[in-house]
$ cat query-v8.cif   # mmCIF, C-alpha atoms
data_upload
#
loop_
_atom_site.label_atom_id
_atom_site.label_comp_id
_atom_site.auth_asym_id
_atom_site.auth_seq_id
_atom_site.Cartn_x
_atom_site.Cartn_y
_atom_site.Cartn_z
CA MET A 10 130.07 125.12 114.41
CA SER A 11 130.65 123.79 110.89
CA GLU A 12 127.73 123.45 108.48
CA LYS A 13 126.30 119.96 108.19
CA ARG A 14 127.44 118.15 105.04
CA ARG A 15 124.75 116.97 102.66
CA PRO A 16 124.84 113.20 102.18
CA LYS A 17 125.86 111.89 98.78
CA ILE A 18 122.93 110.07 97.14
CA GLY A 19 123.52 107.01 94.98
CA LEU A 20 121.06 105.16 92.75
CA ALA A 21 121.40 101.44 92.00
CA LEU A 22 119.30 100.83 88.88
CA GLY A 23 118.49 97.17 88.41
CA SER A 24 118.14 94.95 85.36
CA GLY A 25 114.80 93.79 84.01
CA GLY A 26 114.56 94.40 80.28
CA ALA A 27 111.56 96.53 79.33
CA ARG A 28 110.53 96.73 82.99
CA GLY A 29 113.60 98.94 83.40
CA PHE A 30 111.59 101.80 81.88
CA ALA A 31 110.28 102.17 85.45
CA HIS A 32 113.66 103.73 86.29
CA ILE A 33 112.64 106.68 84.11
CA GLY A 34 109.56 107.24 86.25
CA VAL A 35 111.61 107.12 89.44
CA LEU A 36 114.06 109.68 88.02
CA LYS A 37 111.18 111.96 87.00
CA VAL A 38 109.89 112.02 90.57
CA LEU A 39 113.33 112.59 92.11
CA ASP A 40 113.90 115.48 89.70
CA GLU A 41 110.50 117.03 90.39
CA HIS A 42 111.20 116.95 94.14
CA ASP A 43 114.75 118.32 93.82
CA ILE A 44 116.35 115.20 95.26
CA PRO A 45 119.99 115.29 94.09
CA ILE A 46 121.70 112.28 92.54
CA ASP A 47 125.46 112.08 93.04
CA PHE A 48 126.23 108.55 91.82
CA ILE A 49 124.54 106.01 89.55
CA ALA A 50 125.31 102.32 89.12
CA GLY A 51 123.32 100.26 86.66
CA SER A 52 122.88 96.73 85.38
CA SER A 53 121.39 96.02 81.95
CA MET A 54 118.51 98.42 81.25
CA GLY A 55 119.45 100.24 84.43
CA SER A 56 122.82 101.03 82.89
CA MET A 57 121.22 102.45 79.75
CA VAL A 58 118.77 104.70 81.58
CA GLY A 59 121.50 105.69 84.01
CA ALA A 60 123.93 106.59 81.22
CA LEU A 61 121.42 108.88 79.52
CA TYR A 62 120.51 110.59 82.79
CA ALA A 63 124.21 110.94 83.70
CA ASN A 64 124.63 112.68 80.34
CA GLN A 65 122.08 115.29 81.47
CA ILE A 66 119.19 114.07 79.35
CA GLU A 67 116.06 114.88 81.33
CA PRO A 68 113.81 111.96 82.32
CA HIS A 69 110.83 113.16 80.29
CA MET A 70 113.06 113.25 77.20
CA ILE A 71 114.34 109.74 77.95
CA GLU A 72 110.71 108.61 78.14
CA LYS A 73 109.93 110.19 74.76
CA LEU A 74 112.96 108.52 73.21
CA ALA A 75 112.02 105.13 74.65
CA ALA A 76 108.36 105.40 73.66
CA ASN A 77 109.07 106.45 70.08
CA LEU A 78 112.11 104.33 69.25
CA LYS A 79 110.69 101.64 66.98
CA ARG A 80 112.27 98.18 67.09
CA LYS A 81 113.51 98.40 63.50
CA TYR A 82 115.88 101.18 64.58
CA TRP A 83 117.65 99.14 67.26
CA LEU A 84 116.87 95.48 66.57
CA ASP A 85 119.40 94.00 64.14
CA VAL A 86 118.44 90.33 63.90
CA MET A 87 121.02 87.92 62.54
CA MET A 88 121.54 84.20 62.02
CA PRO A 89 122.15 82.92 65.55
CA LYS A 90 125.62 81.92 66.61
CA MET A 91 126.01 83.43 70.08
CA GLY A 92 122.78 85.45 69.91
CA PHE A 93 119.89 86.50 67.69
CA VAL A 94 120.64 90.25 67.87
CA SER A 95 124.03 91.64 66.89
CA GLY A 96 123.57 94.79 69.00
CA GLN A 97 125.43 97.15 66.68
CA LYS A 98 122.37 99.36 66.09
CA ILE A 99 121.64 99.87 69.78
CA LYS A 100 125.33 100.49 70.44
CA GLU A 101 125.35 103.27 67.84
CA ILE A 102 122.18 104.79 69.32
CA ILE A 103 123.80 104.83 72.77
CA ARG A 104 126.93 106.43 71.30
CA LEU A 105 124.85 109.16 69.65
CA LEU A 106 122.74 109.87 72.74
CA THR A 107 125.82 110.12 74.96
CA HIS A 108 127.70 112.17 72.34
CA GLY A 109 130.51 109.64 72.06
CA LYS A 110 131.64 110.37 75.61
CA ASN A 111 133.66 108.27 77.98
CA ILE A 112 132.08 107.33 81.29
CA GLU A 113 134.50 109.56 83.19
CA ASP A 114 133.29 112.58 81.18
CA LEU A 115 129.63 112.30 82.16
CA ALA A 116 128.03 114.91 84.40
CA ILE A 117 127.16 112.34 87.09
CA PRO A 118 129.64 109.58 88.08
CA LEU A 119 128.44 106.32 86.54
CA ALA A 120 129.30 102.66 87.02
CA VAL A 121 128.11 100.06 84.52
CA VAL A 122 127.94 96.41 85.55
CA ALA A 123 128.45 93.50 83.16
CA THR A 124 129.23 89.80 83.55
CA ASP A 125 132.25 87.94 82.17
CA ILE A 126 130.47 84.85 80.85
CA GLU A 127 133.67 82.82 80.53
CA ASN A 128 134.84 83.06 84.15
CA GLY A 129 131.66 84.20 85.91
CA GLU A 130 133.16 87.43 87.25
CA ARG A 131 131.48 90.79 87.73
CA VAL A 132 132.97 93.52 85.54
CA VAL A 133 132.43 97.14 86.55
CA PHE A 134 133.09 99.92 84.05
CA ARG A 135 134.06 103.26 85.60
CA GLU A 136 135.86 104.63 82.57
CA GLY A 137 136.05 104.13 78.81
CA PRO A 138 133.42 104.58 76.06
CA VAL A 139 129.86 104.69 77.38
CA ASP A 140 128.48 102.82 74.38
CA VAL A 141 130.85 99.88 74.88
CA ALA A 142 130.04 99.57 78.59
CA VAL A 143 126.27 99.82 78.18
CA ARG A 144 126.25 97.51 75.15
CA SER A 145 128.06 94.94 77.31
CA SER A 146 125.66 95.36 80.22
CA ILE A 147 122.48 94.91 78.13
CA SER A 148 123.66 91.72 76.40
CA ILE A 149 120.86 89.38 77.45
CA PRO A 150 122.38 85.88 77.09
CA GLY A 151 120.98 83.99 74.15
CA ILE A 152 119.31 87.08 72.68
CA PHE A 153 122.15 89.59 72.23
CA VAL A 154 125.56 88.59 70.94
CA PRO A 155 128.01 89.04 73.85
CA GLU A 156 130.34 92.03 73.66
CA ARG A 157 134.06 91.32 73.68
CA VAL A 158 136.03 93.98 75.57
CA ASN A 159 139.74 93.73 76.33
CA GLY A 160 139.68 90.00 75.72
CA ARG A 161 136.68 89.38 77.97
CA LEU A 162 133.33 88.10 76.66
CA LEU A 163 130.67 90.15 78.43
CA VAL A 164 126.92 89.69 78.93
CA ASP A 165 124.08 91.22 80.93
CA GLY A 166 125.13 92.69 84.28
CA GLY A 167 121.98 91.33 85.89
CA VAL A 168 123.30 87.79 85.55
CA ILE A 169 125.68 88.42 88.45
CA ASP A 170 124.46 91.66 90.10
CA ARG A 171 120.83 92.50 89.39
CA VAL A 172 120.68 95.60 91.59
CA PRO A 173 124.26 96.91 92.00
CA ILE A 174 123.92 98.27 95.51
CA THR A 175 127.44 97.41 96.67
CA VAL A 176 128.90 99.08 93.58
CA THR A 177 127.01 102.27 94.42
CA LYS A 178 128.36 102.20 97.97
CA GLU A 179 131.89 101.66 96.68
CA MET A 180 131.50 104.78 94.52
CA GLY A 181 131.13 106.84 97.70
CA ALA A 182 127.37 107.12 98.23
CA ASP A 183 126.25 107.86 101.78
CA ILE A 184 122.65 106.91 101.03
CA VAL A 185 121.87 104.22 98.47
CA ILE A 186 118.46 103.94 96.85
CA GLY A 187 118.00 100.67 94.97
CA ILE A 188 115.36 100.24 92.27
CA ASP A 189 114.43 96.61 91.62
CA VAL A 190 112.25 96.01 88.56
CA ALA A 191 112.42 92.24 88.48
CA ASN A 192 109.57 89.78 88.00
CA PHE A 193 108.19 89.26 91.51
CA ASP A 194 107.13 85.61 91.40
CA THR A 195 104.46 86.42 88.83
CA VAL A 196 103.38 83.61 86.50
CA MET A 197 104.29 84.73 82.97
CA LYS A 198 102.94 83.23 79.77
CA VAL A 199 105.79 81.63 77.80
CA THR A 200 105.15 81.16 74.07
CA THR A 201 108.41 81.88 72.21
CA ILE A 202 112.10 81.08 72.52
CA PHE A 203 112.66 84.69 73.58
CA ASP A 204 110.14 84.24 76.40
CA VAL A 205 111.97 81.08 77.48
CA ILE A 206 115.31 82.91 77.63
CA ALA A 207 113.92 85.99 79.37
CA GLN A 208 111.94 83.99 81.93
CA THR A 209 114.92 81.74 82.67
CA ILE A 210 117.08 84.77 83.40
CA ASP A 211 114.32 86.29 85.56
CA VAL A 212 114.15 83.15 87.69
CA MET A 213 117.93 82.92 88.00
CA GLU A 214 118.37 86.57 88.97
CA ARG A 215 115.55 86.36 91.48
CA GLU A 216 117.12 83.38 93.21
CA ILE A 217 120.55 85.04 93.31
CA LEU A 218 119.12 88.19 94.88
CA ARG A 219 117.13 86.14 97.39
CA TYR A 220 120.38 84.97 99.01
CA ARG A 221 122.06 88.37 99.08
CA ILE A 222 121.90 90.85 101.95
CA LEU A 223 120.29 93.94 100.43
CA SER A 224 122.21 96.73 102.10
CA ALA A 225 120.42 99.57 100.33
CA ASP A 226 119.12 102.30 102.62
CA LEU A 227 115.90 102.14 100.61
CA LEU A 228 114.69 99.62 98.03
CA ILE A 229 111.97 100.75 95.62
CA ARG A 230 110.13 97.97 93.78
CA PRO A 231 107.71 99.32 91.15
CA GLU A 232 104.74 97.01 90.58
CA VAL A 233 105.84 95.85 87.13
CA GLY A 234 105.95 92.10 87.78
CA HIS A 235 102.93 91.45 85.55
CA ILE A 236 104.69 92.94 82.52
CA SER A 237 107.06 90.91 80.35
CA SER A 238 110.71 91.97 80.26
CA LEU A 239 110.29 92.02 76.46
CA ALA A 240 107.23 94.32 76.42
CA TYR A 241 109.06 97.37 75.04
CA SER A 242 105.84 98.78 73.56
CA ASN A 243 104.45 99.24 77.11
CA CYS A 244 106.90 102.06 77.84
CA ASN A 245 104.50 104.74 79.08
CA GLU A 246 102.62 102.34 81.36
CA ILE A 247 105.88 101.12 82.89
CA VAL A 248 107.19 104.66 83.40
CA ASP A 249 103.93 105.57 85.16
CA LEU A 250 104.35 102.60 87.52
CA GLY A 251 107.87 103.80 88.32
CA GLU A 252 106.52 107.26 89.14
CA LYS A 253 103.83 105.80 91.37
CA ALA A 254 106.36 103.74 93.32
CA ALA A 255 108.76 106.65 93.77
CA LEU A 256 106.03 109.05 94.91
CA PHE A 257 105.22 106.67 97.73
CA TYR A 258 108.78 107.03 99.07
CA VAL A 259 109.48 110.73 98.42
CA ASP A 260 108.81 111.89 101.98
CA GLN A 261 110.86 109.01 103.39
CA ILE A 262 113.80 109.89 101.12
CA LYS A 263 113.67 113.54 102.16
CA GLU A 264 113.56 112.50 105.81
CA MET A 265 116.55 110.19 105.31
CA ILE A 266 118.52 113.07 103.81
CA GLU A 267 117.47 115.51 106.54
CA ASN A 268 118.30 113.12 109.38
CA TRP A 269 121.49 111.70 107.94
CA GLU A 270 124.65 111.92 110.01
CA GLU A 271 128.27 111.05 109.31
CA LYS A 272 128.96 107.31 109.30
CA ASP A 273 131.30 107.48 112.27
CA GLU A 274 128.48 109.01 114.30
CA GLN A 275 125.91 106.31 113.65
CA GLN A 276 125.71 102.63 112.90
CA PRO A 277 124.28 101.66 109.49
CA ALA A 278 120.64 100.66 109.83
CA PHE A 279 121.03 97.32 108.08
CA GLU A 280 123.85 96.28 110.46
CA SER A 281 121.71 97.17 113.47
CA GLN A 282 118.89 95.04 112.11
CA LEU A 283 121.21 92.08 111.66
CA GLU A 284 122.47 92.34 115.24
CA GLN A 285 118.95 92.33 116.61
CA LYS A 286 118.18 88.99 114.93
#

$ encode --input "query-v8.cif" --output "structure tokens"
Amino acid sequence: MSEKRRPKIGLALGSGGARGFAHIGVLKVLDEHDIPIDFIAGSSMGSMVGALYANQIEPHMIEKLAANLKRKYWLDVMMPKMGFVSGQKIKEIIRLLTHGKNIEDLAIPLAVVATDIENGERVVFREGPVDVAVRSSISIPGIFVPERVNGRLLVDGGVIDRVPITVTKEMGADIVIGIDVANFDTVMKVTTIFDVIAQTIDVMEREILRYRILSADLLIRPEVGHISSLAYSNCNEIVDLGEKAALFYVDQIKEMIENWEEKDEQQPAFESQLEQK
């Protein structure tokens, strides 16, 4: 009798600005419990955290980097034309932290999701420079200048695919764990133009996701809805909330891995649920 194959585990790391620091906490817990990660797909902040982890930077080091990286090192404000932030500083930081690698050279297969703002299409990077892909994916419309790549004008991946679950499945994951760090219908105080932009995108992404079928095997939603997507100084608090959420699901994840069987031997759980309705 042949030995049972271990299922391939994929993470879909969602967009959410500063709330995306919760992804670091989730990764810390998965590492501590020896839960392997075979594929990562990320939108916006999820793509940045995912790229660093795929480059074998340990989660606790990513947290230290995020907590100690002052805004003056990555925020290059300019006279607005297509955005207030040029994004060259953060692009260079990403290039340095990923050692100038291409996506296909990372230790863990990575997909980075961006949005073509001119034709409304999803763009998925599976190869090419990591810094270009991530810079495209984090381009919050109205705040960051869009990134032009191969003739396409690209903005935040969360605009079209907040939690890239289908992308993770297409990569070959047998079990997909989605991490959604969006604003969960929490009333946020809006006082600046940046708040207006961020809150508008939150509302739009939430409505888009509401009409999608979430086909993740497990969806983790850290309780970060009360924190602004621009609250980058709250890094440690947000990471802790990510850890707390992941710890709640650790046993369930281990059970999913232990009880997993080949796809042709079982029907996907989400399809079964749909049939019962």

$ resolve_selection --input "query-v8.cif" --expression "the PyMOL selection byres ((chain A and resi 138) around 8)" --output "ChimeraX atom specification"
/A:109-112,136-137,139-142

$ atom_distance --input "query-v8.cif" --atom1 "atom CA of Gly187 of chain A" --atom2 "atom CA of Asn77 of chain A"
27.1 Å

$ closest_residue --input "query-v8.cif" --among "A:Val143, A:Leu256, A:Val164, A:Leu106" --to "Val35 of chain A" --atoms "all atoms listed in the file"
A:Leu256

$ residues_around --input "query-v8.cif" --residues "His42 of chain A" --least-positions-apart "3" --cutoff "8 Å" --atoms "only C-alpha atoms" --output "list of chain:residue names"
A:Val38, A:Leu39, A:Val259

$ resolve_selection --input "query-v8.cif" --expression "the PyMOL selection byres ((chain A and resi 177) around 7)" --output "list of chain:residue names"
A:Gly19, A:Leu20, A:Ala21, A:Phe48, A:Ile49, A:Ala50, A:Pro173, A:Ile174, A:Thr175, A:Val176, A:Lys178, A:Glu179, A:Met180, A:Gly181, A:Ala182, A:Val185

$ resolve_selection --input "query-v8.cif" --expression "the PyMOL selection byres ((chain A and resi 236) around 9)" --output "ChimeraX atom specification"
/A:27-28,192,197,233-235,237-240,243,247

$ write_last_selection --input "query-v8.cif" --atoms "C-alpha atoms" --output "PDB file, keeping the file's coordinate frame"
ATOM      1  CA  ALA A  27     111.560  96.530  79.330  1.00  0.00           C
ATOM      2  CA  ARG A  28     110.530  96.730  82.990  1.00  0.00           C
ATOM      3  CA  ASN A 192     109.570  89.780  88.000  1.00  0.00           C
ATOM      4  CA  MET A 197     104.290  84.730  82.970  1.00  0.00           C
ATOM      5  CA  VAL A 233     105.840  95.850  87.130  1.00  0.00           C
ATOM      6  CA  GLY A 234     105.950  92.100  87.780  1.00  0.00           C
ATOM      7  CA  HIS A 235     102.930  91.450  85.550  1.00  0.00           C
ATOM      8  CA  SER A 237     107.060  90.910  80.350  1.00  0.00           C
ATOM      9  CA  SER A 238     110.710  91.970  80.260  1.00  0.00           C
ATOM     10  CA  LEU A 239     110.290  92.020  76.460  1.00  0.00           C
ATOM     11  CA  ALA A 240     107.230  94.320  76.420  1.00  0.00           C
ATOM     12  CA  ASN A 243     104.450  99.240  77.110  1.00  0.00           C
ATOM     13  CA  ILE A 247     105.880 101.120  82.890  1.00  0.00           C
TER      14      ILE A 247
END

$ closest_residue --input "query-v8.cif" --among "A:Gln97, A:Pro118, A:Val132, A:Gly166" --to "Gly51 of chain A" --atoms "only C-alpha atoms"
A:Gly166

$ atom_distance --input "query-v8.cif" --atom1 "atom CA of Val121 of chain A" --atom2 "atom CA of Pro68 of chain A"
18.7 Å

$ atom_distance --input "query-v8.cif" --atom1 "atom CA of Lys13 of chain A" --atom2 "atom CA of Asn268 of chain A"
10.6 Å

$ build_atoms --input "query-v8.cif" --residues "segment 233-244 of chain A" --atoms "all heavy atoms" --output "PDB file, in the frame of the given file"
ATOM      1  N   VAL A 233     105.759  96.147  88.565  1.00  0.00           N
ATOM      2  CA  VAL A 233     105.840  95.850  87.130  1.00  0.00           C
ATOM      3  C   VAL A 233     105.962  94.345  86.866  1.00  0.00           C
ATOM      4  O   VAL A 233     106.241  93.933  85.740  1.00  0.00           O
ATOM      5  CB  VAL A 233     107.027  96.592  86.479  1.00  0.00           C
ATOM      6  CG1 VAL A 233     106.784  98.092  86.484  1.00  0.00           C
ATOM      7  CG2 VAL A 233     108.347  96.267  87.208  1.00  0.00           C
ATOM      8  N   GLY A 234     105.758  93.542  87.902  1.00  0.00           N
ATOM      9  CA  GLY A 234     105.950  92.100  87.780  1.00  0.00           C
ATOM     10  C   GLY A 234     105.041  91.434  86.772  1.00  0.00           C
ATOM     11  O   GLY A 234     105.363  90.372  86.244  1.00  0.00           O
ATOM     12  N   HIS A 235     103.878  92.052  86.492  1.00  0.00           N
ATOM     13  CA  HIS A 235     102.930  91.450  85.550  1.00  0.00           C
ATOM     14  C   HIS A 235     103.284  91.732  84.095  1.00  0.00           C
ATOM     15  O   HIS A 235     102.646  91.208  83.184  1.00  0.00           O
ATOM     16  CB  HIS A 235     101.526  92.001  85.831  1.00  0.00           C
ATOM     17  CG  HIS A 235     101.402  93.482  85.618  1.00  0.00           C
ATOM     18  ND1 HIS A 235     101.967  94.400  86.478  1.00  0.00           N
ATOM     19  CD2 HIS A 235     100.806  94.202  84.629  1.00  0.00           C
ATOM     20  CE1 HIS A 235     101.705  95.624  86.042  1.00  0.00           C
ATOM     21  NE2 HIS A 235     101.007  95.525  84.929  1.00  0.00           N
ATOM     22  N   ILE A 236     104.316  92.547  83.876  1.00  0.00           N
ATOM     23  CA  ILE A 236     104.690  92.940  82.520  1.00  0.00           C
ATOM     24  C   ILE A 236     105.931  92.161  82.093  1.00  0.00           C
ATOM     25  O   ILE A 236     106.891  92.031  82.842  1.00  0.00           O
ATOM     26  CB  ILE A 236     104.979  94.465  82.459  1.00  0.00           C
ATOM     27  CG1 ILE A 236     103.715  95.243  82.856  1.00  0.00           C
ATOM     28  CG2 ILE A 236     105.454  94.880  81.076  1.00  0.00           C
ATOM     29  CD1 ILE A 236     103.932  96.732  82.998  1.00  0.00           C
ATOM     30  N   SER A 237     105.925  91.661  80.870  1.00  0.00           N
ATOM     31  CA  SER A 237     107.060  90.910  80.350  1.00  0.00           C
ATOM     32  C   SER A 237     108.292  91.802  80.222  1.00  0.00           C
ATOM     33  O   SER A 237     108.182  92.991  79.904  1.00  0.00           O
ATOM     34  CB  SER A 237     106.719  90.309  78.984  1.00  0.00           C
ATOM     35  OG  SER A 237     107.885  89.813  78.349  1.00  0.00           O
ATOM     36  N   SER A 238     109.459  91.214  80.438  1.00  0.00           N
ATOM     37  CA  SER A 238     110.710  91.970  80.260  1.00  0.00           C
ATOM     38  C   SER A 238     110.956  92.313  78.802  1.00  0.00           C
ATOM     39  O   SER A 238     111.856  93.098  78.487  1.00  0.00           O
ATOM     40  CB  SER A 238     111.889  91.159  80.816  1.00  0.00           C
ATOM     41  OG  SER A 238     112.025  89.937  80.116  1.00  0.00           O
ATOM     42  N   LEU A 239     110.159  91.737  77.891  1.00  0.00           N
ATOM     43  CA  LEU A 239     110.290  92.020  76.460  1.00  0.00           C
ATOM     44  C   LEU A 239     109.199  92.940  75.938  1.00  0.00           C
ATOM     45  O   LEU A 239     109.122  93.184  74.729  1.00  0.00           O
ATOM     46  CB  LEU A 239     110.274  90.697  75.667  1.00  0.00           C
ATOM     47  CG  LEU A 239     111.371  89.693  76.039  1.00  0.00           C
ATOM     48  CD1 LEU A 239     111.176  88.401  75.255  1.00  0.00           C
ATOM     49  CD2 LEU A 239     112.758  90.270  75.773  1.00  0.00           C
ATOM     50  N   ALA A 240     108.363  93.485  76.827  1.00  0.00           N
ATOM     51  CA  ALA A 240     107.230  94.320  76.420  1.00  0.00           C
ATOM     52  C   ALA A 240     107.655  95.776  76.229  1.00  0.00           C
ATOM     53  O   ALA A 240     107.187  96.680  76.941  1.00  0.00           O
ATOM     54  CB  ALA A 240     106.103  94.214  77.446  1.00  0.00           C
ATOM     55  N   TYR A 241     108.514  96.018  75.248  1.00  0.00           N
ATOM     56  CA  TYR A 241     109.060  97.370  75.040  1.00  0.00           C
ATOM     57  C   TYR A 241     108.006  98.361  74.561  1.00  0.00           C
ATOM     58  O   TYR A 241     108.183  99.568  74.689  1.00  0.00           O
ATOM     59  CB  TYR A 241     110.227  97.306  74.063  1.00  0.00           C
ATOM     60  CG  TYR A 241     111.425  96.572  74.628  1.00  0.00           C
ATOM     61  CD1 TYR A 241     111.664  95.233  74.325  1.00  0.00           C
ATOM     62  CD2 TYR A 241     112.291  97.213  75.502  1.00  0.00           C
ATOM     63  CE1 TYR A 241     112.743  94.552  74.861  1.00  0.00           C
ATOM     64  CE2 TYR A 241     113.377  96.548  76.056  1.00  0.00           C
ATOM     65  CZ  TYR A 241     113.589  95.216  75.731  1.00  0.00           C
ATOM     66  OH  TYR A 241     114.652  94.546  76.280  1.00  0.00           O
ATOM     67  N   SER A 242     106.901  97.881  74.022  1.00  0.00           N
ATOM     68  CA  SER A 242     105.840  98.780  73.560  1.00  0.00           C
ATOM     69  C   SER A 242     105.005  99.314  74.721  1.00  0.00           C
ATOM     70  O   SER A 242     104.178 100.202  74.539  1.00  0.00           O
ATOM     71  CB  SER A 242     104.925  98.057  72.561  1.00  0.00           C
ATOM     72  OG  SER A 242     104.341  96.913  73.154  1.00  0.00           O
ATOM     73  N   ASN A 243     105.206  98.794  75.930  1.00  0.00           N
ATOM     74  CA  ASN A 243     104.450  99.240  77.110  1.00  0.00           C
ATOM     75  C   ASN A 243     105.179 100.350  77.862  1.00  0.00           C
ATOM     76  O   ASN A 243     104.968 100.535  79.062  1.00  0.00           O
ATOM     77  CB  ASN A 243     104.228  98.064  78.073  1.00  0.00           C
ATOM     78  CG  ASN A 243     103.314  97.004  77.511  1.00  0.00           C
ATOM     79  OD1 ASN A 243     103.448  96.611  76.359  1.00  0.00           O
ATOM     80  ND2 ASN A 243     102.378  96.518  78.314  1.00  0.00           N
ATOM     81  N   CYS A 244     106.021 101.087  77.186  1.00  0.00           N
ATOM     82  CA  CYS A 244     106.900 102.060  77.840  1.00  0.00           C
ATOM     83  C   CYS A 244     106.172 103.021  78.768  1.00  0.00           C
ATOM     84  O   CYS A 244     106.524 103.148  79.944  1.00  0.00           O
ATOM     85  CB  CYS A 244     107.679 102.852  76.774  1.00  0.00           C
ATOM     86  SG  CYS A 244     108.722 104.151  77.472  1.00  0.00           S
TER      87      CYS A 244
END
